[in-house]
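The next block is upload-v9.cif, given as mmCIF, N, CA and C atoms.
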```cif
data_entry
#
loop_
_atom_site.label_atom_id
_atom_site.label_comp_id
_atom_site.auth_asym_id
_atom_site.auth_seq_id
_atom_site.Cartn_x
_atom_site.Cartn_y
_atom_site.Cartn_z
N MET C 147 98.03 49.32 154.65
CA MET C 147 97.67 48.03 154.11
C MET C 147 96.93 47.19 155.15
N ILE C 148 95.91 46.51 154.69
CA ILE C 148 95.19 45.59 155.57
C ILE C 148 95.89 44.25 155.47
N ASN C 149 96.69 43.93 156.48
CA ASN C 149 97.49 42.71 156.38
C ASN C 149 97.02 41.59 157.30
N TYR C 150 95.94 41.79 158.04
CA TYR C 150 95.46 40.76 158.94
C TYR C 150 94.35 39.91 158.33
N ILE C 151 94.01 40.14 157.07
CA ILE C 151 93.02 39.36 156.34
C ILE C 151 93.73 38.73 155.13
N ARG C 152 93.41 37.48 154.84
CA ARG C 152 93.99 36.83 153.66
C ARG C 152 93.49 37.50 152.40
N HIS C 153 94.41 37.82 151.52
CA HIS C 153 94.05 38.45 150.27
C HIS C 153 93.61 37.41 149.24
N ASP C 154 92.71 37.85 148.36
CA ASP C 154 92.22 37.07 147.23
C ASP C 154 91.50 35.78 147.66
N GLU C 155 90.92 35.77 148.85
CA GLU C 155 90.08 34.66 149.31
C GLU C 155 88.75 35.23 149.78
N GLN C 156 87.67 34.78 149.16
CA GLN C 156 86.34 35.29 149.49
C GLN C 156 85.85 34.68 150.80
N PHE C 157 85.22 35.51 151.65
CA PHE C 157 84.67 35.05 152.92
C PHE C 157 83.49 35.93 153.30
N TYR C 158 82.66 35.45 154.23
CA TYR C 158 81.56 36.24 154.75
C TYR C 158 82.12 37.10 155.88
N GLY C 159 82.00 38.41 155.71
CA GLY C 159 82.61 39.29 156.68
C GLY C 159 81.76 40.48 157.03
N THR C 160 82.16 41.14 158.10
CA THR C 160 81.55 42.39 158.52
C THR C 160 82.63 43.46 158.49
N VAL C 161 82.28 44.60 157.93
CA VAL C 161 83.24 45.67 157.71
C VAL C 161 82.77 46.92 158.43
N LYS C 162 83.62 47.50 159.26
CA LYS C 162 83.32 48.75 159.94
C LYS C 162 84.00 49.86 159.16
N LEU C 163 83.21 50.85 158.71
CA LEU C 163 83.73 51.95 157.90
C LEU C 163 84.00 53.17 158.77
N ILE C 164 84.79 54.11 158.26
CA ILE C 164 85.11 55.32 159.01
C ILE C 164 83.88 56.21 159.21
N THR C 165 82.82 55.96 158.43
CA THR C 165 81.57 56.71 158.59
C THR C 165 80.76 56.21 159.79
N GLY C 166 81.18 55.07 160.37
CA GLY C 166 80.46 54.48 161.48
C GLY C 166 79.54 53.35 161.05
N GLU C 167 79.34 53.20 159.75
CA GLU C 167 78.47 52.13 159.24
C GLU C 167 79.16 50.77 159.40
N GLU C 168 78.34 49.76 159.66
CA GLU C 168 78.81 48.39 159.66
C GLU C 168 78.06 47.67 158.55
N ILE C 169 78.80 47.12 157.58
CA ILE C 169 78.16 46.42 156.49
C ILE C 169 78.63 44.97 156.47
N LEU C 170 77.72 44.11 156.04
CA LEU C 170 78.00 42.67 155.99
C LEU C 170 77.86 42.20 154.56
N GLY C 171 78.60 41.16 154.21
CA GLY C 171 78.48 40.61 152.87
C GLY C 171 79.59 39.63 152.57
N GLU C 172 79.64 39.20 151.32
CA GLU C 172 80.72 38.35 150.86
C GLU C 172 81.86 39.27 150.47
N VAL C 173 82.99 39.13 151.15
CA VAL C 173 84.10 40.08 151.05
C VAL C 173 85.28 39.43 150.33
N LEU C 174 85.94 40.22 149.50
CA LEU C 174 87.18 39.82 148.85
C LEU C 174 88.13 40.99 148.94
N LEU C 175 89.30 40.77 149.51
CA LEU C 175 90.32 41.81 149.65
C LEU C 175 91.42 41.52 148.65
N THR C 176 91.81 42.54 147.89
CA THR C 176 92.85 42.36 146.88
C THR C 176 93.70 43.61 146.79
N LYS C 177 94.90 43.46 146.24
CA LYS C 177 95.81 44.61 146.05
C LYS C 177 95.40 45.40 144.82
N ASP C 178 95.47 46.71 144.92
CA ASP C 178 95.25 47.57 143.77
C ASP C 178 96.52 47.51 142.92
N PRO C 179 96.42 47.05 141.66
CA PRO C 179 97.64 46.86 140.86
C PRO C 179 98.42 48.15 140.60
N GLY C 180 97.74 49.28 140.56
CA GLY C 180 98.44 50.53 140.26
C GLY C 180 99.02 51.22 141.47
N LEU C 181 98.45 50.97 142.63
CA LEU C 181 98.89 51.64 143.86
C LEU C 181 99.32 50.61 144.89
N ASP C 182 99.87 51.07 145.97
CA ASP C 182 100.27 50.15 147.04
C ASP C 182 99.22 50.14 148.14
N THR C 183 97.96 49.97 147.75
CA THR C 183 96.86 49.93 148.71
C THR C 183 95.99 48.71 148.42
N ASP C 184 95.06 48.48 149.32
CA ASP C 184 94.13 47.37 149.15
C ASP C 184 92.77 47.88 148.72
N LEU C 185 92.07 47.04 147.96
CA LEU C 185 90.68 47.30 147.58
C LEU C 185 89.82 46.19 148.16
N LEU C 186 88.67 46.57 148.65
CA LEU C 186 87.75 45.61 149.24
C LEU C 186 86.53 45.52 148.34
N PHE C 187 86.23 44.32 147.86
CA PHE C 187 85.03 44.07 147.08
C PHE C 187 84.02 43.42 148.01
N ILE C 188 82.80 43.92 148.02
CA ILE C 188 81.77 43.34 148.87
C ILE C 188 80.53 43.08 148.03
N GLN C 189 80.09 41.83 148.05
CA GLN C 189 78.94 41.41 147.25
C GLN C 189 77.69 41.39 148.12
N HIS C 190 76.58 41.87 147.57
CA HIS C 190 75.29 41.96 148.27
C HIS C 190 75.45 42.57 149.66
N PRO C 191 75.99 43.80 149.74
CA PRO C 191 76.19 44.39 151.06
C PRO C 191 74.88 44.69 151.77
N ALA C 192 74.88 44.43 153.07
CA ALA C 192 73.70 44.67 153.90
C ALA C 192 74.14 45.40 155.16
N LYS C 193 73.22 46.12 155.74
CA LYS C 193 73.47 46.67 157.06
C LYS C 193 72.38 46.17 157.99
N THR C 194 72.68 46.17 159.26
CA THR C 194 71.72 45.63 160.21
C THR C 194 70.65 46.66 160.54
N LYS C 195 69.48 46.13 160.83
CA LYS C 195 68.36 46.95 161.25
C LYS C 195 67.89 46.39 162.58
N ILE C 196 67.92 47.22 163.62
CA ILE C 196 67.53 46.79 164.95
C ILE C 196 66.15 47.37 165.26
N VAL C 197 65.25 46.50 165.66
CA VAL C 197 63.89 46.90 165.97
C VAL C 197 63.60 46.53 167.42
N GLU C 198 63.18 47.52 168.20
CA GLU C 198 62.81 47.24 169.59
C GLU C 198 61.34 46.85 169.62
N MET C 199 61.06 45.74 170.30
CA MET C 199 59.70 45.23 170.37
C MET C 199 59.26 45.22 171.83
N GLU C 200 57.99 45.52 172.04
CA GLU C 200 57.47 45.49 173.40
C GLU C 200 57.12 44.06 173.78
N GLY C 201 57.40 43.72 175.01
CA GLY C 201 57.08 42.39 175.52
C GLY C 201 55.70 42.38 176.15
N ASN C 202 55.46 41.39 176.98
CA ASN C 202 54.17 41.22 177.64
C ASN C 202 53.95 42.26 178.74
N THR C 203 55.00 42.69 179.40
CA THR C 203 54.88 43.68 180.45
C THR C 203 55.61 44.95 180.03
N SER C 204 55.41 46.02 180.81
CA SER C 204 56.03 47.29 180.46
C SER C 204 57.55 47.27 180.64
N THR C 205 58.06 46.38 181.48
CA THR C 205 59.51 46.29 181.69
C THR C 205 60.17 45.26 180.79
N ASP C 206 59.38 44.47 180.11
CA ASP C 206 59.89 43.41 179.23
C ASP C 206 60.06 43.96 177.82
N GLN C 207 61.32 44.17 177.39
CA GLN C 207 61.59 44.65 176.04
C GLN C 207 62.43 43.62 175.30
N LYS C 208 62.13 43.47 174.03
CA LYS C 208 62.87 42.54 173.19
C LYS C 208 63.44 43.28 172.01
N ILE C 209 64.52 42.76 171.47
CA ILE C 209 65.16 43.39 170.31
C ILE C 209 65.22 42.36 169.19
N ALA C 210 64.83 42.78 168.00
CA ALA C 210 64.93 41.93 166.82
C ALA C 210 65.97 42.56 165.88
N VAL C 211 66.73 41.70 165.20
CA VAL C 211 67.74 42.18 164.27
C VAL C 211 67.44 41.62 162.90
N GLY C 212 67.51 42.47 161.89
CA GLY C 212 67.30 42.06 160.51
C GLY C 212 68.30 42.76 159.61
N PHE C 213 68.18 42.56 158.32
CA PHE C 213 69.08 43.17 157.36
C PHE C 213 68.30 44.03 156.38
N ILE C 214 68.94 45.08 155.90
CA ILE C 214 68.41 45.88 154.80
C ILE C 214 69.57 46.15 153.83
N LYS C 215 69.23 46.48 152.59
CA LYS C 215 70.28 46.76 151.60
C LYS C 215 71.11 47.95 152.06
N TRP C 216 72.40 47.89 151.78
CA TRP C 216 73.30 48.99 152.14
C TRP C 216 73.04 50.20 151.24
N VAL C 217 72.90 49.97 149.95
CA VAL C 217 72.59 51.04 149.00
C VAL C 217 71.22 50.70 148.41
N ASN C 218 70.21 51.41 148.88
CA ASN C 218 68.82 51.06 148.57
C ASN C 218 68.43 51.19 147.10
N PHE C 219 68.93 52.20 146.42
CA PHE C 219 68.44 52.49 145.07
C PHE C 219 69.43 52.09 143.99
N SER C 220 70.09 50.95 144.19
CA SER C 220 71.01 50.44 143.19
C SER C 220 70.77 48.95 143.01
N ASP C 221 70.91 48.49 141.78
CA ASP C 221 70.78 47.08 141.49
C ASP C 221 72.14 46.39 141.36
N GLU C 222 73.22 47.10 141.71
CA GLU C 222 74.55 46.51 141.63
C GLU C 222 74.67 45.36 142.61
N GLU C 223 75.40 44.32 142.22
CA GLU C 223 75.60 43.17 143.10
C GLU C 223 76.79 43.34 144.01
N PHE C 224 77.81 44.11 143.58
CA PHE C 224 78.97 44.29 144.45
C PHE C 224 79.48 45.72 144.35
N PHE C 225 80.19 46.12 145.39
CA PHE C 225 80.73 47.47 145.48
C PHE C 225 82.21 47.37 145.83
N VAL C 226 82.96 48.41 145.48
CA VAL C 226 84.39 48.48 145.76
C VAL C 226 84.60 49.57 146.81
N ILE C 227 85.33 49.23 147.86
CA ILE C 227 85.60 50.17 148.94
C ILE C 227 87.12 50.30 149.07
N GLU C 228 87.59 51.53 149.16
CA GLU C 228 89.02 51.76 149.31
C GLU C 228 89.48 51.46 150.73
N GLU C 229 90.72 51.07 150.86
CA GLU C 229 91.30 50.73 152.15
C GLU C 229 91.18 51.87 153.16
N ARG C 230 91.35 53.08 152.73
CA ARG C 230 91.34 54.23 153.66
C ARG C 230 89.96 54.46 154.29
N SER C 231 88.91 53.84 153.75
CA SER C 231 87.56 53.99 154.28
C SER C 231 87.22 52.92 155.32
N VAL C 232 88.13 51.98 155.55
CA VAL C 232 87.84 50.83 156.41
C VAL C 232 88.57 50.98 157.75
N ILE C 233 87.81 50.77 158.85
CA ILE C 233 88.43 50.73 160.17
C ILE C 233 88.83 49.30 160.51
N SER C 234 87.90 48.36 160.32
CA SER C 234 88.23 46.97 160.62
C SER C 234 87.37 46.02 159.79
N ILE C 235 87.87 44.79 159.69
CA ILE C 235 87.17 43.71 158.98
C ILE C 235 87.23 42.48 159.88
N ALA C 236 86.12 41.76 159.96
CA ALA C 236 86.10 40.53 160.75
C ALA C 236 85.19 39.52 160.06
N PRO C 237 85.48 38.24 160.23
CA PRO C 237 84.57 37.23 159.67
C PRO C 237 83.26 37.21 160.45
N MET C 238 82.17 36.88 159.75
CA MET C 238 80.86 36.76 160.40
C MET C 238 80.80 35.46 161.20
N SER C 239 79.97 35.45 162.23
CA SER C 239 79.73 34.23 162.98
C SER C 239 78.88 33.28 162.14
N LYS C 240 78.83 32.01 162.53
CA LYS C 240 78.05 31.03 161.78
C LYS C 240 76.57 31.38 161.76
N ASP C 241 76.04 31.86 162.89
CA ASP C 241 74.63 32.26 162.94
C ASP C 241 74.36 33.45 162.02
N ALA C 242 75.28 34.41 162.01
CA ALA C 242 75.12 35.58 161.16
C ALA C 242 75.17 35.18 159.68
N ILE C 243 76.06 34.26 159.33
CA ILE C 243 76.15 33.78 157.95
C ILE C 243 74.85 33.13 157.52
N ARG C 244 74.29 32.30 158.40
CA ARG C 244 73.03 31.61 158.09
C ARG C 244 71.90 32.63 157.86
N MET C 245 71.80 33.62 158.75
CA MET C 245 70.77 34.66 158.59
C MET C 245 71.00 35.48 157.32
N TYR C 246 72.25 35.83 157.06
CA TYR C 246 72.59 36.63 155.88
C TYR C 246 72.26 35.89 154.60
N LYS C 247 72.62 34.60 154.52
CA LYS C 247 72.32 33.81 153.31
C LYS C 247 70.82 33.73 153.06
N ARG C 248 70.04 33.55 154.13
CA ARG C 248 68.59 33.50 153.99
C ARG C 248 68.04 34.83 153.50
N TRP C 249 68.60 35.93 154.01
CA TRP C 249 68.17 37.26 153.58
C TRP C 249 68.50 37.48 152.10
N VAL C 250 69.70 37.08 151.66
CA VAL C 250 70.09 37.25 150.25
C VAL C 250 69.14 36.46 149.35
N LYS C 251 68.85 35.21 149.71
CA LYS C 251 67.95 34.39 148.89
C LYS C 251 66.57 35.02 148.78
N LYS C 252 66.06 35.52 149.89
CA LYS C 252 64.70 36.04 149.90
C LYS C 252 64.60 37.45 149.31
N GLU C 253 65.44 38.36 149.75
CA GLU C 253 65.31 39.78 149.39
C GLU C 253 66.07 40.17 148.12
N ILE C 254 67.19 39.54 147.86
CA ILE C 254 68.01 39.93 146.70
C ILE C 254 67.73 39.04 145.50
N LEU C 255 67.77 37.73 145.71
CA LEU C 255 67.59 36.79 144.61
C LEU C 255 66.13 36.41 144.39
N HIS C 256 65.27 36.76 145.33
CA HIS C 256 63.82 36.51 145.27
C HIS C 256 63.50 35.03 145.08
N GLU C 257 64.24 34.18 145.78
CA GLU C 257 63.97 32.74 145.74
C GLU C 257 63.03 32.39 146.89
N PRO C 258 62.08 31.49 146.66
CA PRO C 258 61.20 31.09 147.76
C PRO C 258 61.98 30.29 148.80
N GLU C 259 61.56 30.41 150.06
CA GLU C 259 62.22 29.66 151.12
C GLU C 259 61.91 28.19 150.98
N SER C 260 62.90 27.35 151.23
CA SER C 260 62.67 25.91 151.14
C SER C 260 61.89 25.45 152.36
N GLU C 261 61.04 24.48 152.14
CA GLU C 261 60.22 23.95 153.22
C GLU C 261 60.77 22.59 153.62
N LYS C 262 61.87 22.60 154.34
CA LYS C 262 62.55 21.37 154.73
C LYS C 262 61.69 20.58 155.71
N GLY C 263 61.63 19.28 155.50
CA GLY C 263 60.96 18.41 156.43
C GLY C 263 59.45 18.40 156.35
N GLU C 264 58.88 19.17 155.48
CA GLU C 264 57.42 19.19 155.38
C GLU C 264 56.94 18.16 154.37
N VAL C 265 55.86 17.50 154.72
CA VAL C 265 55.26 16.48 153.85
C VAL C 265 54.24 17.18 152.97
N PRO C 266 54.24 16.93 151.65
CA PRO C 266 53.26 17.58 150.78
C PRO C 266 51.84 17.14 151.12
N MET C 267 50.90 18.05 150.97
CA MET C 267 49.50 17.77 151.27
C MET C 267 48.94 16.77 150.26
N SER C 268 48.03 15.91 150.75
CA SER C 268 47.35 14.97 149.87
C SER C 268 45.90 14.85 150.33
N PRO C 269 44.98 14.39 149.46
CA PRO C 269 43.57 14.30 149.84
C PRO C 269 43.30 13.27 150.94
N THR C 270 44.20 12.30 151.14
CA THR C 270 43.97 11.28 152.15
C THR C 270 44.62 11.62 153.51
N MET C 271 45.23 12.77 153.61
CA MET C 271 45.89 13.16 154.86
C MET C 271 44.88 13.30 155.99
N GLY C 272 45.23 12.79 157.13
CA GLY C 272 44.38 12.93 158.29
C GLY C 272 43.37 11.82 158.47
N LEU C 273 43.23 10.95 157.50
CA LEU C 273 42.30 9.83 157.64
C LEU C 273 42.95 8.74 158.47
N ILE C 274 42.18 8.04 159.27
CA ILE C 274 42.70 7.11 160.27
C ILE C 274 43.56 6.00 159.67
N SER C 275 43.20 5.38 158.64
CA SER C 275 43.98 4.25 158.13
C SER C 275 44.98 4.64 157.06
N LYS C 276 45.25 5.89 156.86
CA LYS C 276 46.17 6.31 155.81
C LYS C 276 47.47 6.80 156.37
#
```
Encoded form using structure tokens:
Amino acid sequence: MINYIRHDEQFYGTVKLITGEEILGEVLLTKDPGLDTDLLFIQHPAKTKIVEMEGNTSTDQKIAVGFIKWVNFSDEEFFVIEERSVISIAPMSKDAIRMYKRWVKKEILHEPESEKGEVPMSPTMGLISK
């Protein structure tokens, strides 16, 4: 039994599976009514994608991190994972949650990114007395 996570409360978490995969998403842990085990529901699961980028010099290397769908050829919004397939569960950091939410809006829900703080263009923009 996974007893170090609150049951029946949804949170943004990262799950390490026995396959070695690490998946991120909105997690809900609940008891299986028929058995004495836990079931993990994960909505919009993603896995990290690490890209190595070359810097300005040959010794300068940078790493970028992004997300990709966990199951590429499915339109399902959530998946069920059995307790025996899980090594550990942890809550995501605030930065990871922010990046994950932006990825879900853009890649899963196909919502345009909001343009916070930008002033709409007008024909009088840039004129001295306007």
For a quick check of your reading of the model, name the residues lying within 9 Å of the coordinate (83.6, 33.4, 149.0), counting only C-alpha atoms, and write them as an MDAnalysis selection string. chainID C and resid 155:158 172:174
Taking the file as shown, find all residues satisfying the PyMOL selection byres ((chain C and resi 185) around 8) and write them as a list in words.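 Evaluating the PyMOL selection byres ((chain C and resi 185) around 8) on these coordinates yields Ile148, Leu174, Leu175, Thr176, Lys177, Asp178, Pro179, Asp182, Thr183, Asp184, Leu186, Phe187, Ile188, Val226, Ile227, Glu228, Glu229 and Arg230 of chain C.
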Based on the backbone DSSP call, show me all residues of chain C assigned helix (DSSP H, G or I), as a ChimeraX atom specification. /C:229-231,240-254
Quick one: residues within 5 Å of Ile169 (chain C), all atoms listed in the file, excluding same-chain residues fewer than 4 positions away - as a PyMOL selection string? chain C and resi 160-161+192-193
Let me see the file: selected residues, N, CA and C atoms, as an mmCIF file, in the frame of the given file.
```cif
data_model
loop_
_atom_site.group_PDB
_atom_site.id
_atom_site.type_symbol
_atom_site.label_atom_id
_atom_site.label_comp_id
_atom_site.auth_asym_id
_atom_site.auth_seq_id
_atom_site.Cartn_x
_atom_site.Cartn_y
_atom_site.Cartn_z
ATOM 1 N N THR C 160 82.160 41.140 158.100
ATOM 2 C CA THR C 160 81.550 42.390 158.520
ATOM 3 C C THR C 160 82.630 43.460 158.490
ATOM 4 N N VAL C 161 82.280 44.600 157.930
ATOM 5 C CA VAL C 161 83.240 45.670 157.710
ATOM 6 C C VAL C 161 82.770 46.920 158.430
ATOM 7 N N ALA C 192 74.880 44.430 153.070
ATOM 8 C CA ALA C 192 73.700 44.670 153.900
ATOM 9 C C ALA C 192 74.140 45.400 155.160
ATOM 10 N N LYS C 193 73.220 46.120 155.740
ATOM 11 C CA LYS C 193 73.470 46.670 157.060
ATOM 12 C C LYS C 193 72.380 46.170 157.990
#
```
Atom pair atom N of Lys162 (chain C) / CA of Asp221 (chain C): separation (Å):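 Pair atom N of Lys162 (chain C) / CA of Asp221 (chain C) returns 21.9 Å.
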Using the chain letters and numbers from the file, which residues does the PyMOL selection byres ((chain C and resi 236) around 5) grab, as a VMD selection string? chain C and resid 159 to 160 234 to 235 237 to 238
Could you write those residues out with N, CA and C atoms, as a PDB file, in the coordinates of the input?
```pdb
ATOM      1  N   GLY C 159      82.000  38.410 155.710  1.00  0.00           N
ATOM      2  CA  GLY C 159      82.610  39.290 156.680  1.00  0.00           C
ATOM      3  C   GLY C 159      81.760  40.480 157.030  1.00  0.00           C
ATOM      4  N   THR C 160      82.160  41.140 158.100  1.00  0.00           N
ATOM      5  CA  THR C 160      81.550  42.390 158.520  1.00  0.00           C
ATOM      6  C   THR C 160      82.630  43.460 158.490  1.00  0.00           C
ATOM      7  N   SER C 234      87.900  48.360 160.320  1.00  0.00           N
ATOM      8  CA  SER C 234      88.230  46.970 160.620  1.00  0.00           C
ATOM      9  C   SER C 234      87.370  46.020 159.790  1.00  0.00           C
ATOM     10  N   ILE C 235      87.870  44.790 159.690  1.00  0.00           N
ATOM     11  CA  ILE C 235      87.170  43.710 158.980  1.00  0.00           C
ATOM     12  C   ILE C 235      87.230  42.480 159.880  1.00  0.00           C
ATOM     13  N   PRO C 237      85.480  38.240 160.230  1.00  0.00           N
ATOM     14  CA  PRO C 237      84.570  37.230 159.670  1.00  0.00           C
ATOM     15  C   PRO C 237      83.260  37.210 160.450  1.00  0.00           C
ATOM     16  N   MET C 238      82.170  36.880 159.750  1.00  0.00           N
ATOM     17  CA  MET C 238      80.860  36.760 160.400  1.00  0.00           C
ATOM     18  C   MET C 238      80.800  35.460 161.200  1.00  0.00           C
TER      19      MET C 238
END
```
Provide the CA of Val211 (chain C) to CA of Glu257 (chain C) distance in Å, to one decimal place.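 Separation of CA of Val211 (chain C) and CA of Glu257 (chain C): 21.1 Å.
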So, with only C-alpha atoms as the atoms that count, which of C:Ser268, C:Pro191, C:Glu167, C:Ile151 lies closest to Glu223 (chain C)?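 When distances to Glu223 (chain C) are compared using only C-alpha atoms, the smallest one comes from C:Pro191.
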3 Å per side around region 243-250 of chain C: axis-aligned box centre and edge lengths, as AutoDock Vina command-line options:
```
--center_x 72.1 --center_y 34.5 --center_z 154.3 --size_x 14.1 --size_y 11.9 --size_z 16.0
```
Hey, what does DSSP flag as strand (DSSP E) within region 178-220 of chain C? Can you give it to me as a ChimeraX atom specification? /C:184-200,207-215
Nearest residue to Ile196 (chain C) out of C:Leu255, C:Ile164, C:Ala210, C:Met245, using only C-alpha atoms?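 Looking only at the distances to Ile196 (chain C), the closest residue turns out to be C:Ala210.
One finds atom N of Lys247 (chain C) at 17.3 Å from atom C of Val217 (chain C).
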Just checking: using all atoms listed in the file, which residue out of C:Leu170, C:Glu200, C:Phe213, C:Val232 ends up closest to Trp249 (chain C)?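 So, comparing all the options, the nearest one is C:Phe213.
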Determine the residue set returned by the PyMOL selection byres ((chain C and resi 209) around 6) for the present structure, and present it as a list in words.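 In the shown coordinates, the PyMOL selection byres ((chain C and resi 209) around 6) covers Val197, Glu198, Met199, Gln207, Lys208, Ala210 and Val211 of chain C.
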